[in-house]
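Reproduced below: query_4.cif, with mmCIF, C-alpha atoms.
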data_model
#
loop_
_atom_site.group_PDB
_atom_site.id
_atom_site.type_symbol
_atom_site.label_atom_id
_atom_site.label_comp_id
_atom_site.auth_asym_id
_atom_site.auth_seq_id
_atom_site.Cartn_x
_atom_site.Cartn_y
_atom_site.Cartn_z
ATOM 1 C CA MET A 1 0.000 0.000 0.000
ATOM 2 C CA ALA A 2 1.419 3.403 -1.016
ATOM 3 C CA SER A 3 1.910 5.976 1.690
ATOM 4 C CA ARG A 4 -0.013 9.217 1.738
ATOM 5 C CA PRO A 5 1.674 12.151 -0.005
ATOM 6 C CA SER A 6 3.667 14.703 1.970
ATOM 7 C CA LEU A 7 1.710 17.709 3.172
ATOM 8 C CA PRO A 8 2.108 20.512 0.605
ATOM 9 C CA PRO A 9 3.671 23.925 1.321
ATOM 10 C CA ASP A 10 0.277 25.659 1.073
ATOM 11 C CA TYR A 11 -0.919 23.670 4.125
ATOM 12 C CA PHE A 12 1.751 25.358 6.264
ATOM 13 C CA GLU A 13 1.339 28.744 4.580
ATOM 14 C CA GLY A 14 -2.378 28.610 5.345
ATOM 15 C CA MET A 15 -1.700 27.771 8.992
ATOM 16 C CA PHE A 16 0.634 30.746 9.458
ATOM 17 C CA ARG A 17 -1.560 33.146 7.518
ATOM 18 C CA SER A 18 -4.463 32.372 9.833
ATOM 19 C CA THR A 19 -2.412 32.988 13.012
ATOM 20 C CA PRO A 20 1.270 33.767 13.673
ATOM 21 C CA ASP A 21 1.552 30.908 16.188
ATOM 22 C CA PRO A 22 -0.758 28.107 14.981
ATOM 23 C CA TRP A 23 0.682 25.392 17.225
ATOM 24 C CA GLY A 24 1.300 27.578 20.277
ATOM 25 C CA PHE A 25 5.109 27.421 20.098
ATOM 26 C CA GLU A 26 5.333 30.727 21.999
ATOM 27 C CA THR A 27 2.661 30.091 24.622
ATOM 28 C CA LYS A 28 2.010 26.413 25.360
ATOM 29 C CA PRO A 29 3.851 24.881 28.337
ATOM 30 C CA TYR A 30 4.101 21.629 26.328
ATOM 31 C CA GLU A 31 6.073 23.394 23.584
ATOM 32 C CA GLN A 32 8.364 25.205 26.025
ATOM 33 C CA ALA A 33 9.119 21.958 27.915
ATOM 34 C CA LYS A 34 9.780 20.182 24.610
ATOM 35 C CA TYR A 35 12.213 22.897 23.528
ATOM 36 C CA ASP A 36 13.957 22.753 26.923
ATOM 37 C CA HIS A 37 14.329 18.986 26.457
ATOM 38 C CA THR A 38 15.634 19.441 22.896
ATOM 39 C CA ILE A 39 18.328 21.885 23.992
ATOM 40 C CA SER A 40 19.226 19.693 26.984
ATOM 41 C CA ALA A 41 19.647 16.663 24.693
ATOM 42 C CA LEU A 42 22.439 18.497 22.840
ATOM 43 C CA GLY A 43 24.453 18.139 26.043
ATOM 44 C CA GLY A 44 26.057 21.558 25.733
ATOM 45 C CA ARG A 45 27.777 20.485 22.513
ATOM 46 C CA ARG A 46 28.716 23.256 20.087
ATOM 47 C CA TYR A 47 28.254 22.812 16.340
ATOM 48 C CA ALA A 48 30.085 24.559 13.509
ATOM 49 C CA SER A 49 27.102 24.411 11.181
ATOM 50 C CA GLY A 50 23.476 23.538 11.915
ATOM 51 C CA LEU A 51 20.366 22.976 9.799
ATOM 52 C CA GLU A 52 16.861 23.326 11.203
ATOM 53 C CA VAL A 53 14.228 21.870 8.896
ATOM 54 C CA GLY A 54 10.787 23.407 9.369
ATOM 55 C CA CYS A 55 11.787 26.360 11.531
ATOM 56 C CA ALA A 56 8.204 27.694 11.623
ATOM 57 C CA ASN A 57 8.059 31.054 13.445
ATOM 58 C CA GLY A 58 11.566 30.702 14.857
ATOM 59 C CA VAL A 59 10.956 29.968 18.535
ATOM 60 C CA LEU A 60 13.314 26.974 18.600
ATOM 61 C CA THR A 61 15.600 28.624 16.032
ATOM 62 C CA GLN A 62 16.302 31.461 18.439
ATOM 63 C CA ARG A 63 17.446 28.980 21.078
ATOM 64 C CA LEU A 64 19.504 26.839 18.682
ATOM 65 C CA THR A 65 21.677 29.789 17.641
ATOM 66 C CA ALA A 66 23.471 29.629 21.001
ATOM 67 C CA TYR A 67 24.811 26.162 20.049
ATOM 68 C CA CYS A 68 25.703 26.746 16.380
ATOM 69 C CA GLU A 69 28.398 28.943 14.896
ATOM 70 C CA THR A 70 26.126 29.176 11.851
ATOM 71 C CA LEU A 71 22.532 27.990 11.516
ATOM 72 C CA LEU A 72 20.475 27.628 8.347
ATOM 73 C CA ALA A 73 16.762 27.609 9.190
ATOM 74 C CA ILE A 74 14.418 26.531 6.395
ATOM 75 C CA ASP A 75 10.671 26.341 5.990
ATOM 76 C CA ALA A 76 8.134 25.886 3.195
ATOM 77 C CA SER A 77 6.014 28.836 4.386
ATOM 78 C CA THR A 78 6.927 32.382 3.368
ATOM 79 C CA THR A 79 4.863 33.796 6.230
ATOM 80 C CA ALA A 80 6.533 31.553 8.819
ATOM 81 C CA LEU A 81 9.986 32.550 7.556
ATOM 82 C CA SER A 82 9.100 36.225 7.802
ATOM 83 C CA LEU A 83 8.030 35.731 11.434
ATOM 84 C CA ALA A 84 11.177 33.735 12.217
ATOM 85 C CA ALA A 85 13.456 36.329 10.624
ATOM 86 C CA LYS A 86 11.784 39.082 12.641
ATOM 87 C CA ARG A 87 12.168 37.088 15.877
ATOM 88 C CA CYS A 88 15.871 36.466 15.177
ATOM 89 C CA ALA A 89 16.690 39.858 13.634
ATOM 90 C CA GLU A 90 19.399 40.605 16.221
ATOM 91 C CA LEU A 91 21.176 37.280 15.684
ATOM 92 C CA THR A 92 24.020 37.336 13.169
ATOM 93 C CA ASN A 93 24.714 33.590 12.937
ATOM 94 C CA VAL A 94 21.377 32.489 11.470
ATOM 95 C CA ARG A 95 20.046 32.764 7.945
ATOM 96 C CA PHE A 96 16.674 31.755 6.577
ATOM 97 C CA SER A 97 15.667 30.174 3.284
ATOM 98 C CA GLU A 98 12.359 29.111 1.781
ATOM 99 C CA ILE A 99 12.905 25.456 0.947
ATOM 100 C CA THR A 100 10.479 22.543 0.902
ATOM 101 C CA TYR A 101 12.681 19.782 2.270
ATOM 102 C CA PRO A 102 13.622 17.227 1.039
ATOM 103 C CA LYS A 103 12.421 18.271 -2.422
ATOM 104 C CA GLY A 104 14.219 21.622 -2.428
ATOM 105 C CA THR A 105 17.940 21.900 -2.855
ATOM 106 C CA LEU A 106 20.454 22.946 -0.237
ATOM 107 C CA GLY A 107 23.400 22.799 -2.609
ATOM 108 C CA SER A 108 26.582 21.194 -1.295
ATOM 109 C CA ILE A 109 26.484 22.612 2.251
ATOM 110 C CA ALA A 110 27.567 20.156 4.980
ATOM 111 C CA PHE A 111 26.285 20.261 8.551
ATOM 112 C CA ASP A 112 27.220 18.741 11.879
ATOM 113 C CA LEU A 113 23.739 19.247 13.377
ATOM 114 C CA ILE A 114 20.403 18.586 11.681
ATOM 115 C CA VAL A 115 17.249 19.358 13.663
ATOM 116 C CA LEU A 116 14.046 17.605 12.603
ATOM 117 C CA SER A 117 11.564 18.824 15.196
ATOM 118 C CA GLU A 118 7.956 17.890 14.413
ATOM 119 C CA VAL A 119 8.539 17.536 10.653
ATOM 120 C CA VAL A 120 9.233 13.954 9.519
ATOM 121 C CA TYR A 121 5.642 12.824 10.074
ATOM 122 C CA TYR A 122 4.513 15.324 7.427
ATOM 123 C CA TRP A 123 6.458 13.383 4.776
ATOM 124 C CA SER A 124 5.527 10.502 2.497
ATOM 125 C CA ASP A 125 7.583 7.311 2.520
ATOM 126 C CA ASP A 126 9.326 8.504 -0.669
ATOM 127 C CA ASP A 127 10.261 11.815 0.941
ATOM 128 C CA ILE A 128 11.603 10.054 4.031
ATOM 129 C CA THR A 129 13.817 7.992 1.716
ATOM 130 C CA ALA A 130 14.887 11.148 -0.150
ATOM 131 C CA ALA A 131 15.709 12.863 3.147
ATOM 132 C CA ALA A 132 17.876 9.906 4.174
ATOM 133 C CA VAL A 133 19.792 10.109 0.883
ATOM 134 C CA ASP A 134 20.317 13.827 1.399
ATOM 135 C CA ILE A 135 21.376 13.414 5.045
ATOM 136 C CA ARG A 136 23.952 10.798 4.017
ATOM 137 C CA SER A 137 25.502 13.333 1.640
ATOM 138 C CA ARG A 138 25.646 16.303 3.993
ATOM 139 C CA LEU A 139 25.891 15.235 7.653
ATOM 140 C CA ARG A 140 29.540 15.248 8.683
ATOM 141 C CA PRO A 141 31.052 12.259 10.535
ATOM 142 C CA GLY A 142 30.389 12.732 14.251
ATOM 143 C CA GLY A 143 27.446 15.005 13.424
ATOM 144 C CA ASP A 144 24.097 14.763 15.185
ATOM 145 C CA ILE A 145 20.475 14.521 14.143
ATOM 146 C CA VAL A 146 17.913 15.443 16.773
ATOM 147 C CA LEU A 147 14.318 14.407 16.143
ATOM 148 C CA VAL A 148 11.288 15.342 18.226
ATOM 149 C CA HIS A 149 7.806 14.101 17.356
ATOM 150 C CA TRP A 150 4.347 14.082 18.885
ATOM 151 C CA THR A 151 3.300 10.483 19.583
ATOM 152 C CA GLY A 152 -0.446 11.002 19.792
ATOM 153 C CA ASP A 153 -2.889 10.371 16.968
ATOM 154 C CA THR A 154 -2.411 12.507 13.868
ATOM 155 C CA ASP A 155 -3.991 12.837 10.457
ATOM 156 C CA TYR A 156 -0.540 13.285 8.917
ATOM 157 C CA PRO A 157 1.083 10.873 6.433
ATOM 158 C CA GLN A 158 3.038 9.214 9.292
ATOM 159 C CA SER A 159 2.697 8.727 13.021
ATOM 160 C CA GLY A 160 5.496 10.123 15.180
ATOM 161 C CA ASP A 161 6.813 6.654 15.944
ATOM 162 C CA GLY A 162 6.424 5.487 12.341
ATOM 163 C CA ALA A 163 8.248 8.532 10.957
ATOM 164 C CA VAL A 164 11.252 8.036 13.238
ATOM 165 C CA ALA A 165 11.400 4.289 12.591
ATOM 166 C CA LYS A 166 11.245 4.761 8.813
ATOM 167 C CA LEU A 167 13.964 7.420 8.754
ATOM 168 C CA HIS A 168 16.199 5.309 10.994
ATOM 169 C CA ALA A 169 15.713 2.291 8.713
ATOM 170 C CA ALA A 170 16.419 4.411 5.608
ATOM 171 C CA LEU A 171 19.686 5.643 7.138
ATOM 172 C CA GLY A 172 20.729 2.062 7.902
ATOM 173 C CA ASP A 173 23.893 1.708 9.955
ATOM 174 C CA LEU A 174 25.008 5.309 9.315
ATOM 175 C CA MET A 175 23.761 6.508 12.703
ATOM 176 C CA SER A 176 24.261 5.347 16.269
ATOM 177 C CA VAL A 177 21.506 6.053 18.789
ATOM 178 C CA GLN A 178 22.706 8.402 21.530
ATOM 179 C CA THR A 179 19.313 9.219 23.055
ATOM 180 C CA ALA A 180 15.870 7.646 22.717
ATOM 181 C CA GLU A 181 13.532 9.169 25.268
ATOM 182 C CA ARG A 182 9.777 9.178 25.579
ATOM 183 C CA ARG A 183 7.671 11.721 27.400
ATOM 184 C CA PRO A 184 3.899 11.519 27.849
ATOM 185 C CA GLU A 185 3.138 13.239 24.527
ATOM 186 C CA TYR A 186 6.305 13.080 22.436
ATOM 187 C CA ARG A 187 9.551 11.257 21.761
ATOM 188 C CA LEU A 188 13.050 12.718 21.442
ATOM 189 C CA ASP A 189 15.802 10.901 19.573
ATOM 190 C CA LEU A 190 19.395 11.972 19.065
ATOM 191 C CA TRP A 191 21.514 10.041 16.577
ATOM 192 C CA ARG A 192 25.199 10.519 15.827
ATOM 193 C CA ARG A 193 26.849 9.731 12.520
ATOM 194 C CA ARG A 194 29.429 6.965 12.894
#

As structure tokens, how would this structure be written, given the file I've shared?
Amino acid sequence: MASRPSLPPDYFEGMFRSTPDPWGFETKPYEQAKYDHTISALGGRRYASGLEVGCANGVLTQRLTAYCETLLAIDASTTALSLAAKRCAELTNVRFSEITYPKGTLGSIAFDLIVLSEVVYYWSDDDITAAAVDIRSRLRPGGDIVLVHWTGDTDYPQSGDGAVAKLHAALGDLMSVQTAERRPEYRLDLWRRR
């Protein structure tokens, strides 16, 4: 059975046009605790170059800049990127780009941190495979991937658990699991490239 298609960019653009914080990233205690956990999972490690896929309105982006010498934050929504750029206007080590990952191109840039927070379950099986191919080409040895996903019921192409399992399988033995933690409503995984 074929998987459902990835959610299109206009889904996210519509969400951010209707409200600047559609998922409550700025206001919900759940989101703040999840971001605290994400930053804690990095273990104080510093990264030369980071990539945040699906930066939304930049709440997590703002926090990630303290751990990355440079950070590229991408999103499929023009409105979300505008909000994120405004939030991070004082930060000189972050740049924003409108890219629908993994379909859009990032060129030949390599990273030692890739953040996939609440994004992989929006992708079809084919896009998960494409993301794995791309990650293999651009994540430096010793680099980290941090994934955070809601584990409740969704109407997305994947469940949180299914998305993480499929990406891990697509990456094969490239990654070693450093962290696999579950909280009541989400899971956090940190993998390191061998």

Set out as a Markdown table a contact list for region 26-77 of chain A and region 147-154 of chain A with a cut-off of 10 Å, giving each residue of region 26-77 of chain A that qualifies its closest atom pair and distance in Å to one decimal, counting all atoms listed in the file, ordered by chain and rising residue number.
| residue | atom | partner | partner_atom | distance |
| --- | --- | --- | --- | --- |
| A:Lys34 | CA | A:Val148 | CA | 8.2 |
| A:Tyr35 | CA | A:Val148 | CA | 9.3 |
| A:His37 | CA | A:Val148 | CA | 9.5 |
| A:Thr38 | CA | A:Val148 | CA | 7.6 |

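Among the candidates A:Pro5, A:Trp23, A:Ala48, A:Ile145, the one nearest to His168 (chain A) when counting only C-alpha atoms is A:Ile145.
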
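In this comparison, which uses all atoms listed in the file, the residue of A:Thr79, A:Thr70, A:Gln158, A:Ser137 approaching Tyr121 (chain A) most closely is A:Gln158.
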
I'd like the neighbourhood of Phe111 (chain A) as a tab-separated table (two decimals) with C-alpha atoms, in the frame of the given file, where a residue qualifies if any of its atoms comes within 9 Å (using only C-alpha atoms), though same-chain residues fewer than 3 positions away should be ignored.
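Everything below was put into around-v2.tsv:
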chain	number	residue	atom	x	y	z
A	47	TYR	CA	28.25	22.81	16.34
A	48	ALA	CA	30.08	24.56	13.51
A	49	SER	CA	27.10	24.41	11.18
A	50	GLY	CA	23.48	23.54	11.92
A	51	LEU	CA	20.37	22.98	9.80
A	114	ILE	CA	20.40	18.59	11.68
A	138	ARG	CA	25.65	16.30	3.99
A	139	LEU	CA	25.89	15.24	7.65
A	140	ARG	CA	29.54	15.25	8.68
A	143	GLY	CA	27.45	15.00	13.42
A	144	ASP	CA	24.10	14.76	15.18

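Compared by their closest atoms to Ile135 (chain A), and using only C-alpha atoms, the residues A:Ala169, A:Leu174, A:Ile99, A:Val120 rank with A:Leu174 nearest.
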
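When CA of Arg193 (chain A) is paired with CA of Ser159 (chain A), their separation reads 24.2 Å.
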
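Here CA of Arg95 (chain A) stands at a distance of 6.2 Å from CA of Ala73 (chain A).
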
Find the residues around Ala76 (chain A) up to 6 Å (only C-alpha atoms counted), leave out those fewer than 3 positions away in its own chain, and share them as a JSON list (two decimals) with C-alpha atoms, in the frame of the given file.
[["chain", "number", "residue", "atom", "x", "y", "z"],
["A", 9, "PRO", "CA", 3.67, 23.92, 1.32],
["A", 98, "GLU", "CA", 12.36, 29.11, 1.78],
["A", 99, "ILE", "CA", 12.90, 25.46, 0.95],
["A", 100, "THR", "CA", 10.48, 22.54, 0.90]]

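Distance check against Thr179 (chain A) using only C-alpha atoms: of A:Thr19, A:Ser40, A:Asp112, A:Leu60, the minimum falls on A:Ser40.
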
Non-local contacts of Thr92 (chain A) (12 Å; all atoms listed in the file; under 2 positions in same chain excluded) as a VMD selection string: chain A and resid 62 65 to 66 68 to 72 85 88 to 90 94 to 96

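With all atoms listed in the file as the atoms that count, the minimum distance from Ala110 (chain A) to the choices A:Gly24, A:Tyr156, A:Ser82, A:Pro141 is reached by A:Pro141.
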
Output of the PyMOL selection byres ((chain A and resi 171) around 12), listed as a ChimeraX atom specification: /A:128-137,139,145,164-170,172-177,191-194

Let me see the file: selected residues, C-alpha atoms, as a JSON list (two decimals), keeping the file's coordinate frame.
[["chain", "number", "residue", "atom", "x", "y", "z"],
["A", 128, "ILE", "CA", 11.60, 10.05, 4.03],
["A", 129, "THR", "CA", 13.82, 7.99, 1.72],
["A", 130, "ALA", "CA", 14.89, 11.15, -0.15],
["A", 131, "ALA", "CA", 15.71, 12.86, 3.15],
["A", 132, "ALA", "CA", 17.88, 9.91, 4.17],
["A", 133, "VAL", "CA", 19.79, 10.11, 0.88],
["A", 134, "ASP", "CA", 20.32, 13.83, 1.40],
["A", 135, "ILE", "CA", 21.38, 13.41, 5.04],
["A", 136, "ARG", "CA", 23.95, 10.80, 4.02],
["A", 137, "SER", "CA", 25.50, 13.33, 1.64],
["A", 139, "LEU", "CA", 25.89, 15.24, 7.65],
["A", 145, "ILE", "CA", 20.48, 14.52, 14.14],
["A", 164, "VAL", "CA", 11.25, 8.04, 13.24],
["A", 165, "ALA", "CA", 11.40, 4.29, 12.59],
["A", 166, "LYS", "CA", 11.24, 4.76, 8.81],
["A", 167, "LEU", "CA", 13.96, 7.42, 8.75],
["A", 168, "HIS", "CA", 16.20, 5.31, 10.99],
["A", 169, "ALA", "CA", 15.71, 2.29, 8.71],
["A", 170, "ALA", "CA", 16.42, 4.41, 5.61],
["A", 172, "GLY", "CA", 20.73, 2.06, 7.90],
["A", 173, "ASP", "CA", 23.89, 1.71, 9.96],
["A", 174, "LEU", "CA", 25.01, 5.31, 9.32],
["A", 175, "MET", "CA", 23.76, 6.51, 12.70],
["A", 176, "SER", "CA", 24.26, 5.35, 16.27],
["A", 177, "VAL", "CA", 21.51, 6.05, 18.79],
["A", 191, "TRP", "CA", 21.51, 10.04, 16.58],
["A", 192, "ARG", "CA", 25.20, 10.52, 15.83],
["A", 193, "ARG", "CA", 26.85, 9.73, 12.52],
["A", 194, "ARG", "CA", 29.43, 6.96, 12.89]]

Selected residue, from A:Leu83, A:Thr78, A:Pro102, A:Pro8, that lies nearest to Val53 (chain A) when counting only C-alpha atoms: A:Pro102

Computed interatomic separation between CA of Asp36 (chain A) and CA of Gly142 (chain A) (Å): 23.0 Å
